[in-house]
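Chemist: Following this message is one structure expressed as structure tokens.
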Amino acid sequence: MQEVSKAGQRLEMRTLGARDYPAVVEIYRQTPRFIVELNGRSPDSIGLEMVEEDAAKAANHGATFAGLFLRESGQMIGVVDYVPSGYGGQPNRAWIALLLIAEPYQRQGYGTEAYRLIEETVFADSDVQTLGLGVLVNNGPALGFWRAMGYERVGSTVQDRDGRDVVMLQKQQSRGNDGIE
């Protein structure tokens with residue numbers, strides 16, 4: 001896992017360690033639609049063990065497990081999990097596994113700013129040409145968000161490990177000199 005610390009206008013994204021996991025538990029608890037409705041986990045399952053498992057999975061896949069913190073107060077309001085390069089053994093491919101903003105902070109532009117921090121980090125590597133992700137078909141708000149960020153559907157709907165339908169999306173690095181569209 002690559003250590004990351006990147007700041008935007010209102011947010012700072014930085015790699016999480018075990019000391020941060022209790023705050024991640026609170027982010028998960030503040031996002032019940034994602035955890036319970038979309039991922040089928042019970043509210044009782046949200047705890048330190050879940051966060052430790054997610055962090056371990058991220059590390060095993062070469063992903064960065066990072067928190068999103070308000071620059072002004074230092075409060076964590078979200079979590080990201082992304083593979084900055086080499087996704088699927090392809091050096092030119094990156095992957096976003098998770099971008100989660102706690103519900104009290106949704107629809108205020110934080111998701112867009114968080115995504116821009118990820119995109120800037122990933123596309124700073126000129127070898128990375130494609131940034132991909134998957135969205136559950138029943139997550140209409142997320143599909144709308146990713147389309148607004150410039151993502152396009154690729155291929156047909158696939159099923160995840162739990163048998164849920166997932167739409168695959170991707171974005172190509174722009175040919176501009178800064179890698180950001």
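Within each chain, counting starts at residue 1; across the structure tokens, chains are named A, B, ... in the order shown, with ligands numbered 1 upward in that order.
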So which residues touch Ile101 of chain A within 8 Å, counting only C-alpha atoms, skipping near sequence neighbours fewer than 4 positions away, as a list in words?
Modeler: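 Counting only the stated atoms, we get Ile27, Thr31, Ile77, Gly78, Val79, Tyr105, Gln106, Tyr110 and Gly111 of chain A.
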Chemist: For the residues in that selection, give me all heavy atoms as an mmCIF file, in the first residue's frame.
Modeler:
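New file again_30.cif:
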data_model
loop_
_atom_site.group_PDB
_atom_site.id
_atom_site.type_symbol
_atom_site.label_atom_id
_atom_site.label_comp_id
_atom_site.auth_asym_id
_atom_site.auth_seq_id
_atom_site.Cartn_x
_atom_site.Cartn_y
_atom_site.Cartn_z
ATOM 1 N N ILE A 27 -18.111 6.230 10.280
ATOM 2 C CA ILE A 27 -18.487 6.572 8.896
ATOM 3 C C ILE A 27 -19.418 5.495 8.352
ATOM 4 O O ILE A 27 -20.449 5.788 7.754
ATOM 5 C CB ILE A 27 -17.245 6.715 7.992
ATOM 6 C CG1 ILE A 27 -16.342 7.852 8.470
ATOM 7 C CG2 ILE A 27 -17.652 6.889 6.520
ATOM 8 C CD1 ILE A 27 -16.973 9.213 8.510
ATOM 9 N N THR A 31 -23.705 5.622 7.258
ATOM 10 C CA THR A 31 -24.034 5.349 5.863
ATOM 11 C C THR A 31 -24.793 4.028 5.762
ATOM 12 O O THR A 31 -24.381 3.117 5.059
ATOM 13 C CB THR A 31 -22.740 5.323 5.019
ATOM 14 O OG1 THR A 31 -21.890 6.393 5.449
ATOM 15 C CG2 THR A 31 -23.028 5.524 3.550
ATOM 16 N N ILE A 77 -14.960 12.368 7.327
ATOM 17 C CA ILE A 77 -16.326 12.324 6.801
ATOM 18 C C ILE A 77 -16.501 11.256 5.725
ATOM 19 O O ILE A 77 -17.604 11.075 5.210
ATOM 20 C CB ILE A 77 -16.771 13.691 6.248
ATOM 21 C CG1 ILE A 77 -15.958 14.083 5.017
ATOM 22 C CG2 ILE A 77 -16.728 14.752 7.330
ATOM 23 C CD1 ILE A 77 -16.622 15.145 4.165
ATOM 24 N N GLY A 78 -15.431 10.557 5.375
ATOM 25 C CA GLY A 78 -15.545 9.553 4.326
ATOM 26 C C GLY A 78 -14.343 8.637 4.258
ATOM 27 O O GLY A 78 -13.342 8.846 4.954
ATOM 28 N N VAL A 79 -14.479 7.631 3.411
ATOM 29 C CA VAL A 79 -13.445 6.612 3.240
ATOM 30 C C VAL A 79 -13.336 6.292 1.751
ATOM 31 O O VAL A 79 -14.348 6.240 1.046
ATOM 32 C CB VAL A 79 -13.817 5.325 4.011
ATOM 33 C CG1 VAL A 79 -12.764 4.244 3.833
ATOM 34 C CG2 VAL A 79 -14.035 5.618 5.479
ATOM 35 N N TYR A 105 -22.985 14.349 5.163
ATOM 36 C CA TYR A 105 -22.131 15.196 4.330
ATOM 37 C C TYR A 105 -22.375 14.992 2.834
ATOM 38 O O TYR A 105 -21.695 15.603 2.003
ATOM 39 C CB TYR A 105 -20.660 14.944 4.666
ATOM 40 C CG TYR A 105 -20.358 15.298 6.098
ATOM 41 C CD1 TYR A 105 -20.411 14.329 7.094
ATOM 42 C CD2 TYR A 105 -20.080 16.607 6.467
ATOM 43 C CE1 TYR A 105 -20.176 14.656 8.425
ATOM 44 C CE2 TYR A 105 -19.850 16.949 7.787
ATOM 45 C CZ TYR A 105 -19.902 15.967 8.757
ATOM 46 O OH TYR A 105 -19.675 16.302 10.071
ATOM 47 N N GLN A 106 -23.325 14.132 2.498
ATOM 48 C CA GLN A 106 -23.626 13.892 1.094
ATOM 49 C C GLN A 106 -24.369 15.069 0.490
ATOM 50 O O GLN A 106 -24.976 15.866 1.192
ATOM 51 C CB GLN A 106 -24.434 12.595 0.946
ATOM 52 C CG GLN A 106 -23.611 11.366 1.273
ATOM 53 C CD GLN A 106 -24.410 10.074 1.186
ATOM 54 O OE1 GLN A 106 -25.573 10.055 0.810
ATOM 55 N NE2 GLN A 106 -23.769 8.973 1.561
ATOM 56 N N TYR A 110 -18.741 17.181 -1.459
ATOM 57 C CA TYR A 110 -17.582 16.471 -0.913
ATOM 58 C C TYR A 110 -17.213 15.245 -1.745
ATOM 59 O O TYR A 110 -16.036 14.928 -1.906
ATOM 60 C CB TYR A 110 -17.819 16.052 0.542
ATOM 61 C CG TYR A 110 -17.870 17.218 1.497
ATOM 62 C CD1 TYR A 110 -19.046 17.528 2.182
ATOM 63 C CD2 TYR A 110 -16.753 18.010 1.714
ATOM 64 C CE1 TYR A 110 -19.097 18.593 3.069
ATOM 65 C CE2 TYR A 110 -16.798 19.087 2.597
ATOM 66 C CZ TYR A 110 -17.971 19.374 3.267
ATOM 67 O OH TYR A 110 -18.017 20.436 4.139
ATOM 68 N N GLY A 111 -18.208 14.544 -2.274
ATOM 69 C CA GLY A 111 -17.924 13.376 -3.109
ATOM 70 C C GLY A 111 -17.153 13.761 -4.356
ATOM 71 O O GLY A 111 -16.196 13.096 -4.741
#
Chemist: Could you pull out all residues of segment 1-170 of chain A with a DSSP call of strand (DSSP E) and give them as a PyMOL selection string?
Modeler: chain A and resi 5-7+11-15+64-70+76-83+93-101+130-136+152-153+158-159+165-170
Chemist: Between A:Ala58, A:Val135, A:Ala142, A:Met168, single out the one closest to Ser156 of chain A, counting only C-alpha atoms.
Modeler: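 Closest to Ser156 of chain A, using only C-alpha atoms: A:Met168.
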Chemist: Which residues come within 9 Å of Ile96 of chain A, counting only C-alpha atoms, excluding same-chain residues fewer than 2 positions away, as an NGL selection string?
Modeler: :A and (63 or 80-84 or 94 or 98-99 or 118 or 131-134)
Chemist: Any chance you could export the current selection's C-alpha atoms as a PDB file, in the first residue's frame?
Modeler:
ATOM      1  CA  ALA A  63      -5.021  -0.691  -2.736  1.00  0.00           C
ATOM      2  CA  VAL A  80     -11.877   5.626  -0.079  1.00  0.00           C
ATOM      3  CA  ASP A  81     -10.311   2.396  -1.265  1.00  0.00           C
ATOM      4  CA  TYR A  82      -8.556   2.445  -4.635  1.00  0.00           C
ATOM      5  CA  VAL A  83      -5.808   0.660  -6.550  1.00  0.00           C
ATOM      6  CA  PRO A  84      -3.594   3.456  -7.935  1.00  0.00           C
ATOM      7  CA  ALA A  94      -6.403   1.809 -11.783  1.00  0.00           C
ATOM      8  CA  LEU A  98     -14.978   2.452  -2.634  1.00  0.00           C
ATOM      9  CA  LEU A  99     -15.748   6.145  -2.299  1.00  0.00           C
ATOM     10  CA  ILE A 118      -8.290  10.267  -6.272  1.00  0.00           C
ATOM     11  CA  LEU A 131      -9.641   4.345 -14.094  1.00  0.00           C
ATOM     12  CA  GLY A 132     -12.459   1.852 -13.584  1.00  0.00           C
ATOM     13  CA  LEU A 133     -15.085   0.927 -11.007  1.00  0.00           C
ATOM     14  CA  GLY A 134     -18.238  -1.095 -10.537  1.00  0.00           C
TER      15      GLY A 134
END
Chemist: Could you check the closest approach to Arg93 of chain A for each of A:Asp127, A:Asp54, A:Glu72, A:Glu113 and tell me which residue wins, using only C-alpha atoms?
Modeler: A:Asp127
Chemist: To one decimal place, how far is atom CA of Ser73 of chain A from atom CA of Ala23 of chain A in Å?
Modeler: 14.1 Å
Chemist: Go through A:Gly163, A:Ala97, A:Ser85, A:Val154 and flag the residue nearest Ala124 of chain A, using only C-alpha atoms for the distances.
Modeler: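 Smallest separation from Ala124 of chain A among the options: A:Ser85.
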Chemist: Nearest to Asp20 of chain A among A:Gly150, A:Gly140, A:Pro91, A:Gly67, with distances taken over only C-alpha atoms: which residue is it?
Modeler: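 Of the candidates, the smallest distance to Asp20 of chain A is held by A:Gly67.
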Chemist: Tell me which protein, DNA and RNA residues are within 7 Å of Val167 of chain A, counting only C-alpha atoms, leaving out same-chain ones fewer than 4 positions away, and put them as a PyMOL selection string.
Modeler: chain A and resi 134-137+153+157-158
Chemist: Name the residues in contact with Pro43 of chain A at a cut-off of 12 Å, using only C-alpha atoms, excluding same-chain residues fewer than 2 positions from it; report them as a list in words.
Modeler: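 Answer for this query is Val25, Glu26, Tyr28, Arg29, Gln30, Thr31, Pro32, Arg33, Phe34, Ile35, Val36, Glu37, Asn39, Gly40, Arg41, Ser45, Ile46, Gly47 and Met50 of chain A.
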Chemist: Quick one: of A:Ala102, A:Val51, A:Leu117, A:Ala59, who's nearest to Gln75 of chain A, counting only C-alpha atoms?
Modeler: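 Looking at the shortest contact to Gln75 of chain A, the residue is A:Ala102.
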Chemist: Determine which residues of segment 3-46 of chain A DSSP labels as helix (DSSP H, G or I) from the backbone of this structure, then write them out as a PyMOL selection string.
Modeler: chain A and resi 18-29+32-38+43-45
